[in-house]
file my_file-v7.txt (compact mmCIF, C-alpha atoms)
# COMPACT_ATOMS: atom_id res chain seq x y z
CA MET A 239 13.05 13.55 -13.55
CA LYS A 240 10.30 11.07 -12.72
CA LEU A 241 7.14 11.00 -14.79
CA PRO A 242 3.86 11.52 -12.91
CA VAL A 243 2.27 8.40 -11.47
CA GLN A 244 -0.72 7.08 -13.39
CA LEU A 245 -3.24 5.56 -10.97
CA ILE A 246 -5.89 3.49 -12.73
CA GLU A 247 -9.09 2.62 -10.86
CA CYS A 248 -10.77 -0.54 -12.18
CA PRO A 249 -14.44 -0.83 -11.20
CA ARG A 250 -14.92 -3.00 -14.29
CA ASP A 251 -12.54 -5.58 -12.90
CA ALA A 252 -14.26 -5.44 -9.52
CA MET A 253 -17.72 -5.87 -11.02
CA GLN A 254 -17.24 -8.32 -13.89
CA GLY A 255 -17.17 -11.50 -11.84
CA TRP A 256 -19.43 -10.38 -9.00
CA SER A 257 -21.79 -13.14 -7.92
CA HIS A 258 -25.05 -11.24 -8.40
CA PRO A 259 -26.13 -8.57 -10.92
CA ILE A 260 -25.29 -4.97 -10.11
CA ALA A 261 -27.94 -2.51 -11.26
CA THR A 262 -26.95 -0.14 -14.05
CA SER A 263 -27.98 2.82 -11.90
CA ASP A 264 -25.62 1.65 -9.13
CA LYS A 265 -22.75 1.28 -11.59
CA VAL A 266 -23.38 4.77 -12.96
CA ALA A 267 -23.54 6.36 -9.51
CA TYR A 268 -20.38 4.58 -8.36
CA ILE A 269 -18.32 5.37 -11.46
CA ASN A 270 -19.47 8.99 -11.42
CA GLN A 271 -18.22 9.20 -7.85
CA LEU A 272 -14.89 7.67 -8.87
CA LEU A 273 -14.58 10.31 -11.59
CA LYS A 274 -14.59 12.98 -8.87
CA VAL A 275 -11.58 11.48 -7.07
CA GLY A 276 -8.94 12.44 -9.60
CA PHE A 277 -7.63 9.09 -10.82
CA HIS A 278 -5.65 9.17 -14.05
CA THR A 279 -8.03 6.69 -15.72
CA ILE A 280 -11.21 4.81 -14.87
CA ASP A 281 -11.41 1.28 -16.33
CA PHE A 282 -15.19 1.45 -16.38
CA GLY A 283 -16.55 -1.37 -18.57
CA SER A 284 -16.02 -3.77 -21.44
CA PHE A 285 -17.44 -4.48 -24.87
CA VAL A 286 -17.39 -8.27 -24.72
CA SER A 287 -19.88 -11.07 -25.20
CA PRO A 288 -22.72 -10.76 -22.65
CA LYS A 289 -22.83 -14.56 -22.58
CA ALA A 290 -19.22 -14.65 -21.39
CA ILE A 291 -19.41 -11.68 -19.00
CA PRO A 292 -23.09 -10.93 -18.22
CA GLN A 293 -22.19 -8.24 -15.70
CA MET A 294 -20.80 -6.05 -18.50
CA ALA A 295 -23.79 -6.29 -20.85
CA ASP A 296 -24.89 -2.75 -19.96
CA THR A 297 -21.56 -1.01 -20.66
CA ALA A 298 -23.05 1.12 -23.46
CA ASP A 299 -25.90 2.21 -21.19
CA VAL A 300 -23.45 3.04 -18.40
CA ILE A 301 -21.17 5.24 -20.49
CA ARG A 302 -24.06 7.30 -21.81
CA GLN A 303 -24.83 8.38 -18.23
CA LEU A 304 -21.33 9.19 -17.02
CA GLU A 305 -20.45 12.75 -16.02
CA TYR A 306 -17.38 12.88 -18.22
CA ASP A 307 -15.14 15.92 -18.70
CA SER A 308 -12.55 15.42 -21.45
CA ASN A 309 -10.25 17.93 -19.74
CA ARG A 310 -10.21 16.01 -16.46
CA HIS A 311 -11.06 12.38 -17.12
CA ASN A 312 -9.81 9.36 -19.04
CA LEU A 313 -12.05 6.35 -19.63
CA LEU A 314 -10.84 2.87 -20.58
CA ALA A 315 -12.92 -0.02 -21.89
CA ILE A 316 -11.78 -3.62 -22.29
CA VAL A 317 -12.31 -5.40 -25.60
CA ALA A 318 -11.51 -8.98 -26.58
CA ASN A 319 -11.91 -8.83 -30.35
CA LEU A 320 -12.28 -6.46 -33.28
CA ARG A 321 -16.08 -6.44 -33.00
CA GLY A 322 -15.87 -5.11 -29.47
CA ALA A 323 -13.34 -2.49 -30.52
CA GLU A 324 -15.62 -1.34 -33.34
CA ALA A 325 -18.50 -1.00 -30.87
CA ALA A 326 -16.33 1.13 -28.60
CA MET A 327 -15.43 3.49 -31.45
CA SER A 328 -18.92 4.99 -31.42
CA PHE A 329 -18.25 6.56 -28.01
CA PRO A 330 -15.97 9.61 -28.28
CA ASN A 331 -15.53 9.78 -24.51
CA ILE A 332 -13.63 6.47 -24.45
CA ASP A 333 -9.97 7.44 -24.46
CA TYR A 334 -8.34 4.02 -24.12
CA LEU A 335 -9.11 0.48 -25.20
CA GLY A 336 -7.57 -2.35 -23.21
CA PHE A 337 -6.82 -5.74 -24.76
CA PRO A 338 -5.91 -8.83 -22.67
CA PHE A 339 -3.00 -10.49 -24.47
CA SER A 340 -2.02 -13.63 -22.60
CA VAL A 341 1.44 -15.16 -22.77
CA SER A 342 -0.31 -18.41 -21.73
CA PRO A 343 -1.81 -20.15 -24.80
CA THR A 344 -4.41 -21.90 -22.63
CA PHE A 345 -5.62 -18.69 -21.03
CA GLN A 346 -5.67 -16.78 -24.32
CA ARG A 347 -7.97 -19.42 -25.74
CA ARG A 348 -10.19 -19.35 -22.64
CA ASN A 349 -10.31 -15.58 -22.44
CA THR A 350 -10.65 -14.53 -26.10
CA ASN A 351 -11.33 -17.82 -27.91
CA SER A 352 -8.23 -17.38 -30.05
CA THR A 353 -4.61 -18.41 -30.22
CA ILE A 354 -1.84 -16.03 -29.22
CA GLU A 355 -0.89 -15.61 -32.87
CA GLU A 356 -4.48 -14.82 -33.84
CA SER A 357 -4.66 -12.36 -30.96
CA LEU A 358 -1.53 -10.59 -32.23
CA ASP A 359 -3.36 -10.04 -35.53
CA THR A 360 -6.33 -8.71 -33.57
CA VAL A 361 -4.06 -6.29 -31.73
CA LYS A 362 -2.72 -5.03 -35.07
CA ALA A 363 -6.26 -4.39 -36.33
CA ILE A 364 -7.39 -2.70 -33.11
CA GLN A 365 -4.28 -0.51 -33.07
CA GLN A 366 -5.11 0.69 -36.58
CA LEU A 367 -8.68 1.39 -35.49
CA CYS A 368 -7.50 3.33 -32.44
CA THR A 369 -5.12 5.42 -34.54
CA ALA A 370 -7.92 6.28 -36.95
CA HIS A 371 -10.27 7.31 -34.11
CA ASN A 372 -7.76 9.14 -31.89
CA LYS A 373 -7.81 6.55 -29.14
CA GLN A 374 -4.96 4.72 -27.44
CA LEU A 375 -4.54 0.98 -26.97
CA VAL A 376 -3.33 -0.54 -23.71
CA VAL A 377 -2.24 -4.17 -23.94
CA TYR A 378 -2.21 -6.29 -20.80
CA LEU A 379 0.34 -9.10 -20.69
CA SER A 380 -2.01 -11.53 -18.94
CA MET A 381 -0.49 -14.40 -16.96
CA GLY A 382 2.69 -12.32 -17.18
CA PHE A 383 4.24 -13.93 -14.11
CA GLY A 384 3.23 -17.54 -14.70
CA ASN A 385 0.07 -19.59 -15.07
CA PRO A 386 -1.75 -22.51 -13.40
CA TYR A 387 -2.09 -24.50 -16.63
CA GLY A 388 1.41 -25.84 -17.05
CA ASP A 389 2.03 -23.68 -20.14
CA ALA A 390 5.66 -22.78 -20.77
CA TRP A 391 6.63 -19.54 -19.06
CA SER A 392 9.88 -17.67 -18.64
CA PRO A 393 10.92 -14.01 -18.48
CA GLN A 394 12.16 -14.37 -22.05
CA VAL A 395 8.68 -15.42 -23.22
CA VAL A 396 7.29 -12.22 -21.70
CA PHE A 397 10.05 -10.05 -23.17
CA ASP A 398 9.64 -11.52 -26.65
CA TRP A 399 5.91 -10.83 -26.76
CA ALA A 400 6.41 -7.37 -25.22
CA ASN A 401 8.88 -6.51 -27.96
CA GLN A 402 6.52 -7.69 -30.69
CA LEU A 403 3.69 -5.60 -29.25
CA ALA A 404 5.85 -2.51 -28.85
CA SER A 405 6.95 -2.86 -32.48
CA LEU A 406 3.29 -2.32 -33.45
CA GLY A 407 3.31 1.09 -31.83
CA ILE A 408 1.52 0.08 -28.62
CA GLY A 409 2.25 2.89 -26.18
CA THR A 410 1.31 1.15 -22.93
CA LEU A 411 1.99 -2.41 -21.80
CA SER A 412 0.78 -3.61 -18.42
CA LEU A 413 2.18 -6.70 -16.71
CA ALA A 414 -0.81 -8.56 -15.30
CA ASP A 415 -0.52 -10.99 -12.39
CA THR A 416 -3.83 -12.54 -13.42
CA VAL A 417 -4.06 -15.21 -10.72
CA GLY A 418 -1.79 -13.70 -8.07
CA VAL A 419 1.19 -16.03 -8.50
CA ALA A 420 3.91 -13.37 -8.82
CA SER A 421 6.68 -13.15 -6.28
CA PRO A 422 8.13 -9.73 -5.39
CA ASP A 423 11.39 -10.69 -7.11
CA GLN A 424 9.51 -11.51 -10.31
CA VAL A 425 7.60 -8.25 -10.16
CA HIS A 426 10.80 -6.27 -9.72
CA ASP A 427 12.92 -8.05 -12.30
CA LEU A 428 10.36 -8.21 -15.13
CA THR A 429 9.18 -4.64 -14.57
CA ALA A 430 12.70 -3.24 -14.30
CA TYR A 431 13.80 -4.99 -17.49
CA LEU A 432 10.88 -3.65 -19.52
CA VAL A 433 11.21 -0.13 -18.07
CA GLN A 434 14.90 -0.07 -18.93
CA GLN A 435 14.64 -1.71 -22.35
CA MET A 436 11.55 0.19 -23.54
CA PRO A 437 12.01 3.83 -22.53
CA GLY A 438 9.46 4.96 -25.12
CA THR A 439 6.74 2.64 -23.77
CA THR A 440 4.73 3.13 -20.58
CA ILE A 441 5.11 -0.02 -18.48
CA GLY A 442 2.36 -0.64 -15.95
CA VAL A 443 1.45 -3.36 -13.49
CA HIS A 444 -1.91 -4.92 -12.74
CA LEU A 445 -1.19 -6.84 -9.56
CA HIS A 446 -3.31 -9.09 -7.40
CA ALA A 447 -2.34 -9.26 -3.77
CA THR A 448 -3.37 -10.12 -0.22
CA ALA A 449 -3.11 -8.09 2.95
CA GLN A 450 -0.02 -10.13 3.76
CA ASN A 451 2.00 -9.56 0.57
CA TRP A 452 0.78 -6.35 -1.05
CA ARG A 453 3.52 -4.10 0.31
CA GLU A 454 6.33 -6.34 -0.93
CA LYS A 455 4.80 -6.50 -4.42
CA MET A 456 4.19 -2.77 -4.50
CA LYS A 457 7.73 -2.00 -3.36
CA ALA A 458 9.07 -4.31 -6.05
CA ALA A 459 7.18 -2.52 -8.82
CA TYR A 460 7.94 0.97 -7.53
CA THR A 461 11.67 0.43 -7.07
CA ALA A 462 11.75 -1.11 -10.56
CA GLY A 463 10.63 2.24 -11.95
CA CYS A 464 6.96 1.54 -12.62
CA ARG A 465 4.82 4.68 -12.89
CA ARG A 466 1.45 3.14 -13.83
CA TYR A 467 -0.62 1.08 -11.37
CA ASP A 468 -4.03 -0.60 -11.60
CA GLY A 469 -6.13 -1.08 -8.50
CA ALA A 470 -9.70 -1.59 -7.29
CA LEU A 471 -11.12 -0.11 -4.12
CA LYS A 472 -11.39 -2.69 -1.34
CA GLY A 473 -9.50 -5.21 -3.50
CA PHE A 474 -12.54 -6.68 -5.23
CA GLY A 475 -12.29 -8.43 -8.56
CA GLY A 476 -10.37 -10.84 -10.71
CA CYS A 477 -10.85 -12.39 -14.12
CA PRO A 478 -13.82 -14.82 -14.11
CA MET A 479 -12.33 -16.57 -17.15
CA ALA A 480 -9.37 -17.81 -15.10
CA GLY A 481 -11.60 -20.48 -13.62
CA ASN A 482 -9.89 -20.94 -10.29
CA ASP A 483 -9.75 -19.38 -6.83
CA LEU A 484 -8.59 -15.83 -7.39
CA VAL A 485 -6.47 -13.51 -5.33
CA GLY A 486 -8.21 -10.14 -5.26
CA ASN A 487 -7.04 -7.02 -7.05
CA MET A 488 -4.54 -4.74 -5.40
CA ASP A 489 -6.62 -2.49 -3.13
CA THR A 490 -6.33 1.06 -4.41
CA LEU A 491 -6.04 2.30 -0.85
CA TRP A 492 -2.85 0.23 -0.49
CA LEU A 493 -1.49 1.80 -3.66
CA ILE A 494 -2.29 5.28 -2.41
CA GLU A 495 -0.73 4.55 0.99
CA TYR A 496 2.52 3.30 -0.49
CA LEU A 497 2.82 6.00 -3.13
CA GLU A 498 2.15 8.83 -0.70
CA GLU A 499 4.64 7.34 1.78
CA SER A 500 7.13 7.41 -1.10
CA GLY A 501 6.57 11.13 -1.58
CA GLU A 502 4.27 10.99 -4.61
CA ASP A 503 1.72 13.79 -4.97
CA LEU A 504 -1.31 12.05 -6.45
CA GLY A 505 -3.61 15.08 -6.39
CA LEU A 506 -6.61 13.09 -5.18
CA ASP A 507 -9.77 14.51 -3.65
CA LYS A 508 -9.75 12.59 -0.38
CA GLU A 509 -13.33 13.53 0.53
CA ALA A 510 -14.55 12.14 -2.80
CA LEU A 511 -12.36 9.07 -2.25
CA ASP A 512 -13.90 8.42 1.17
CA LYS A 513 -17.38 8.58 -0.34
CA ALA A 514 -16.36 6.19 -3.11
CA VAL A 515 -15.02 3.70 -0.56
CA SER A 516 -18.31 3.89 1.31
CA MET A 517 -20.26 3.28 -1.89
CA ALA A 518 -18.07 0.29 -2.74
CA GLY A 519 -18.98 -1.20 0.63
CA GLN A 520 -22.67 -0.88 -0.24
CA ILE A 521 -22.45 -2.20 -3.82
CA PHE A 522 -20.20 -5.20 -3.22
CA VAL A 523 -22.24 -7.04 -0.60
call {"tool": "encode", "arguments": {"input": "my_file-v7.txt", "output": "structure tokens"}}
result
Amino acid sequence: MKLPVQLIECPRDAMQGWSHPIATSDKVAYINQLLKVGFHTIDFGSFVSPKAIPQMADTADVIRQLEYDSNRHNLLAIVANLRGAEAAMSFPNIDYLGFPFSVSPTFQRRNTNSTIEESLDTVKAIQQLCTAHNKQLVVYLSMGFGNPYGDAWSPQVVFDWANQLASLGIGTLSLADTVGVASPDQVHDLTAYLVQQMPGTTIGVHLHATAQNWREKMKAAYTAGCRRYDGALKGFGGCPMAGNDLVGNMDTLWLIEYLEESGEDLGLDKEALDKAVSMAGQIFV
């Protein structure tokens, strides 16, 4: 029997690299609308250095104004170090912390100012903090399908780090195509291997795609057995720390289209979704 699909909407990813500031009131209104749609989780903000990601400096102000119902909603915040994780602990309505763990040494240094080995120690500390505060940690395998820096990459590199992370008790690992380099074959083969080898771990994908290749990537992940998908309405977003031309996030509407065509009942409020799409068109201009 298949597990229910987890559809993760990522306004944080859409907003973090946007070229001009988005007002806190607009973020609050938009995320509150997204909460009405029925997504499994809203990746709403991040507790990171405001110098590195100015757009996320108001995350604490945003969460205080969200219309959160613990029986219906899950909120996820990104952190890049233990200090950020400690800041997130003061908000009981944050259910998940997300940590970007790059299999590319260059990108890990650029993104979190630490080596991969140092970041593994950080993951251990954050996992302990999450356990103590009844939160769950999601680790993203950034640059999981390759990187533009010439760093060594192979499926085995990804599998080795995934195994180390799972051994720490991490319940969810998400393969992240950070700069949109993944081929459909890569998406299928890496996802299928992890799904098959780690039956006790939720394996997700955070894909970047274009209108020309999204369906092939989505089919690859779905047929590989993936049940957790990240997306952003209208395909906005990408990591500003990557420092190159980015392929946008997988448009959530593409995810919904494919999953519903495949017979998945997502339980979404389509009227609320339509309003959220309209709001996205007004905010991201």
call {"tool": "residues_around", "arguments": {"input": "my_file-v7.txt", "residues": "Ala400 (chain A)", "least_positions_apart": "4", "cutoff": "9 Å", "atoms": "all atoms listed in the file", "output": "VMD selection string"}}
result
chain A and resid 379 395 to 396 404 to 405 411 432
call {"tool": "residues_around", "arguments": {"input": "my_file-v7.txt", "residues": "Leu320 (chain A)", "least_positions_apart": "4", "cutoff": "7 Å", "atoms": "only C-alpha atoms", "output": "PyMOL selection string"}}
result
chain A and resi 324+360+364
call {"tool": "atom_distance", "arguments": {"input": "my_file-v7.txt", "atom1": "CA of Val433 (chain A)", "atom2": "CA of Arg310 (chain A)"}}
result
26.9 Å
call {"tool": "atom_distance", "arguments": {"input": "my_file-v7.txt", "atom1": "CA of Ile408 (chain A)", "atom2": "CA of Pro249 (chain A)"}}
result
23.6 Å
call {"tool": "atom_distance", "arguments": {"input": "my_file-v7.txt", "atom1": "CA of Leu358 (chain A)", "atom2": "CA of Gln435 (chain A)"}}
result
20.9 Å
call {"tool": "closest_residue", "arguments": {"input": "my_file-v7.txt", "among": "A:Gln394, A:Thr448, A:Thr297, A:Thr440", "to": "Val266 (chain A)", "atoms": "all atoms listed in the file"}}
result
A:Thr297
call {"tool": "closest_residue", "arguments": {"input": "my_file-v7.txt", "among": "A:Val317, A:Leu491, A:Leu304, A:Leu272", "to": "Val286 (chain A)", "atoms": "only C-alpha atoms"}}
result
A:Val317
call {"tool": "residues_around", "arguments": {"input": "my_file-v7.txt", "residues": "Gly388 (chain A)", "least_positions_apart": "5", "cutoff": "12 Å", "atoms": "all atoms listed in the file", "output": "ChimeraX atom specification"}}
result
/A:342-345,381
call {"tool": "residues_around", "arguments": {"input": "my_file-v7.txt", "residues": "Phe337 (chain A)", "least_positions_apart": "4", "cutoff": "10 Å", "atoms": "all atoms listed in the file", "output": "number ranges by chain"}}
result
A: 284, 315-319, 323, 350, 357, 360-361, 364, 375-380, 411
call {"tool": "residues_near_point", "arguments": {"input": "my_file-v7.txt", "point": "(-9.2, 8.8, -4.2)", "cutoff": "9 Å", "atoms": "all atoms listed in the file", "output": "PyMOL selection string"}}
result
chain A and resi 272+274-277+490-491+494+504-512+514-515
call {"tool": "closest_residue", "arguments": {"input": "my_file-v7.txt", "among": "A:Gly486, A:Gly469, A:Pro422, A:Gly384", "to": "Ala449 (chain A)", "atoms": "all atoms listed in the file"}}
result
A:Gly486
call {"tool": "residues_around", "arguments": {"input": "my_file-v7.txt", "residues": "Gly475 (chain A)", "least_positions_apart": "2", "cutoff": "10 Å", "atoms": "all atoms listed in the file", "output": "list in words"}}
result
Cys248, Pro249, Arg250, Asp251, Ala252, Met253, Gln254, Gly255, Trp256, His446, Gly469, Ala470, Leu471, Lys472, Gly473, Cys477, Pro478, Leu484, Val485, Gly486, Asn487, Met488 and Asp489 of chain A
call {"tool": "closest_atom_pairs", "arguments": {"input": "my_file-v7.txt", "of": "region 295-397 of chain A", "to": "region 241-247 of chain A", "cutoff": "12 Å", "atoms": "all atoms listed in the file", "output": "tab-separated table"}}
result
residue	atom	partner	partner_atom	distance
A:His311	CA	A:Ile246	CA	11.2
A:Asn312	CA	A:Ile246	CA	9.5
A:Leu313	CA	A:Ile246	CA	9.7
A:Leu314	CA	A:Ile246	CA	9.3
A:Ala315	CA	A:Glu247	CA	12.0
A:Tyr334	CA	A:Ile246	CA	11.7
A:Val376	CA	A:Ile246	CA	12.0
call {"tool": "residues_near_point", "arguments": {"input": "my_file-v7.txt", "point": "(-2.0, -7.4, -10.9)", "cutoff": "10 Å", "atoms": "all atoms listed in the file", "output": "PyMOL selection string"}}
result
chain A and resi 378+380-383+412-420+425+442-447+455+467-469+476+485-488
call {"tool": "closest_residue", "arguments": {"input": "my_file-v7.txt", "among": "A:Arg348, A:Thr369, A:Gly501, A:Val300", "to": "Asp333 (chain A)", "atoms": "all atoms listed in the file"}}
result
A:Thr369
call {"tool": "closest_residue", "arguments": {"input": "my_file-v7.txt", "among": "A:Cys464, A:Leu335, A:Met517, A:Ala290", "to": "Lys240 (chain A)", "atoms": "only C-alpha atoms"}}
result
A:Cys464
call {"tool": "closest_residue", "arguments": {"input": "my_file-v7.txt", "among": "A:Gln346, A:Trp452, A:Val341, A:Ala518", "to": "Leu493 (chain A)", "atoms": "all atoms listed in the file"}}
result
A:Trp452
call {"tool": "axis_aligned_box", "arguments": {"input": "my_file-v7.txt", "around": "region 427-432 of chain A", "padding_each_side": "3 Å", "output": "JSON"}}
result
{"center_x": 11.5, "center_y": -5.7, "center_z": -15.9, "size_x": 10.6, "size_y": 11.0, "size_z": 13.2}
call {"tool": "decode", "arguments": {"input": "my_file-v7.txt", "residues": "region 254-357 of chain A", "atoms": "C-alpha atoms", "output": "compact mmCIF listing (two decimals), in the first residue's frame"}}
result
# COMPACT_ATOMS: atom_id res chain seq x y z
CA GLN A 254 14.76 34.32 -0.45
CA GLY A 255 16.55 35.45 -3.59
CA TRP A 256 13.90 37.84 -4.91
CA SER A 257 15.43 40.98 -6.35
CA HIS A 258 13.54 43.50 -4.20
CA PRO A 259 12.28 43.36 -0.58
CA ILE A 260 8.90 41.78 0.03
CA ALA A 261 6.94 43.44 2.82
CA THR A 262 6.37 41.38 5.94
CA SER A 263 2.63 41.99 5.65
CA ASP A 264 2.65 40.56 2.12
CA LYS A 265 4.57 37.48 3.25
CA VAL A 266 2.11 36.92 6.09
CA ALA A 267 -0.95 37.30 3.86
CA TYR A 268 0.50 34.97 1.22
CA ILE A 269 1.59 32.24 3.62
CA ASN A 270 -1.72 32.40 5.47
CA GLN A 271 -3.44 31.83 2.14
CA LEU A 272 -1.15 28.87 1.41
CA LEU A 273 -2.09 27.39 4.79
CA LYS A 274 -5.70 27.22 3.60
CA VAL A 275 -4.84 25.09 0.56
CA GLY A 276 -4.08 21.86 2.39
CA PHE A 277 -0.40 21.27 1.63
CA HIS A 278 1.36 18.77 3.87
CA THR A 279 3.96 21.36 4.92
CA ILE A 280 4.73 25.02 4.29
CA ASP A 281 8.45 25.85 4.09
CA PHE A 282 7.79 29.38 5.28
CA GLY A 283 11.09 31.00 6.34
CA SER A 284 14.62 30.59 7.62
CA PHE A 285 16.68 31.49 10.66
CA VAL A 286 19.89 32.44 8.90
CA SER A 287 22.19 35.45 8.82
CA PRO A 288 20.30 38.52 7.57
CA LYS A 289 23.54 39.62 5.92
CA ALA A 290 23.56 36.45 3.84
CA ILE A 291 19.82 36.30 3.10
CA PRO A 292 18.27 39.74 3.80
CA GLN A 293 14.86 38.66 2.54
CA MET A 294 14.50 36.26 5.48
CA ALA A 295 15.41 38.71 8.24
CA ASP A 296 11.76 39.00 9.31
CA THR A 297 11.06 35.27 9.71
CA ALA A 298 10.35 35.61 13.45
CA ASP A 299 7.91 38.45 12.78
CA VAL A 300 6.21 36.43 10.04
CA ILE A 301 5.63 33.31 12.13
CA ARG A 302 4.06 35.28 14.96
CA GLN A 303 1.30 36.38 12.57
CA LEU A 304 0.53 33.08 10.88
CA GLU A 305 -2.92 31.52 11.30
CA TYR A 306 -1.53 28.16 12.37
CA ASP A 307 -3.61 25.16 13.45
CA SER A 308 -1.49 22.32 14.85
CA ASN A 309 -4.16 19.81 13.81
CA ARG A 310 -4.06 20.87 10.17
CA HIS A 311 -0.72 22.50 9.42
CA ASN A 312 2.99 21.74 9.42
CA LEU A 313 5.56 24.54 9.27
CA LEU A 314 9.20 24.11 8.25
CA ALA A 315 12.04 26.60 8.73
CA ILE A 316 15.51 26.37 7.21
CA VAL A 317 18.56 26.72 9.43
CA ALA A 318 22.24 26.71 8.51
CA ASN A 319 23.86 26.35 11.93
CA LEU A 320 23.16 25.55 15.57
CA ARG A 321 22.47 29.19 16.41
CA GLY A 322 19.65 29.31 13.89
CA ALA A 323 18.25 26.04 15.19
CA GLU A 324 18.28 27.38 18.75
CA ALA A 325 16.39 30.48 17.61
CA ALA A 326 13.76 28.28 15.95
CA MET A 327 13.22 26.30 19.15
CA SER A 328 11.40 29.22 20.76
CA PHE A 329 8.51 28.81 18.31
CA PRO A 330 6.33 25.81 19.20
CA ASN A 331 4.43 26.05 15.91
CA ILE A 332 7.54 25.12 13.91
CA ASP A 333 7.23 21.39 13.29
CA TYR A 334 10.26 20.79 11.07
CA LEU A 335 13.73 22.24 10.70
CA GLY A 336 15.45 21.88 7.35
CA PHE A 337 19.24 21.76 7.01
CA PRO A 338 21.04 22.08 3.64
CA PHE A 339 23.76 19.42 3.64
CA SER A 340 25.71 19.66 0.41
CA VAL A 341 27.62 16.74 -1.08
CA SER A 342 29.68 19.43 -2.86
CA PRO A 343 32.45 20.74 -0.55
CA THR A 344 32.55 24.06 -2.41
CA PHE A 345 28.83 24.67 -2.07
CA GLN A 346 28.74 23.61 1.58
CA ARG A 347 31.39 26.21 2.32
CA ARG A 348 29.52 28.87 0.33
CA ASN A 349 26.15 28.04 1.80
CA THR A 350 26.94 27.42 5.48
CA ASN A 351 30.56 28.59 5.82
CA SER A 352 31.64 25.14 6.97
CA THR A 353 33.14 21.94 5.64
CA ILE A 354 30.99 18.88 5.02
CA GLU A 355 32.51 17.19 8.06
CA GLU A 356 31.78 20.21 10.25
CA SER A 357 28.25 20.28 8.88
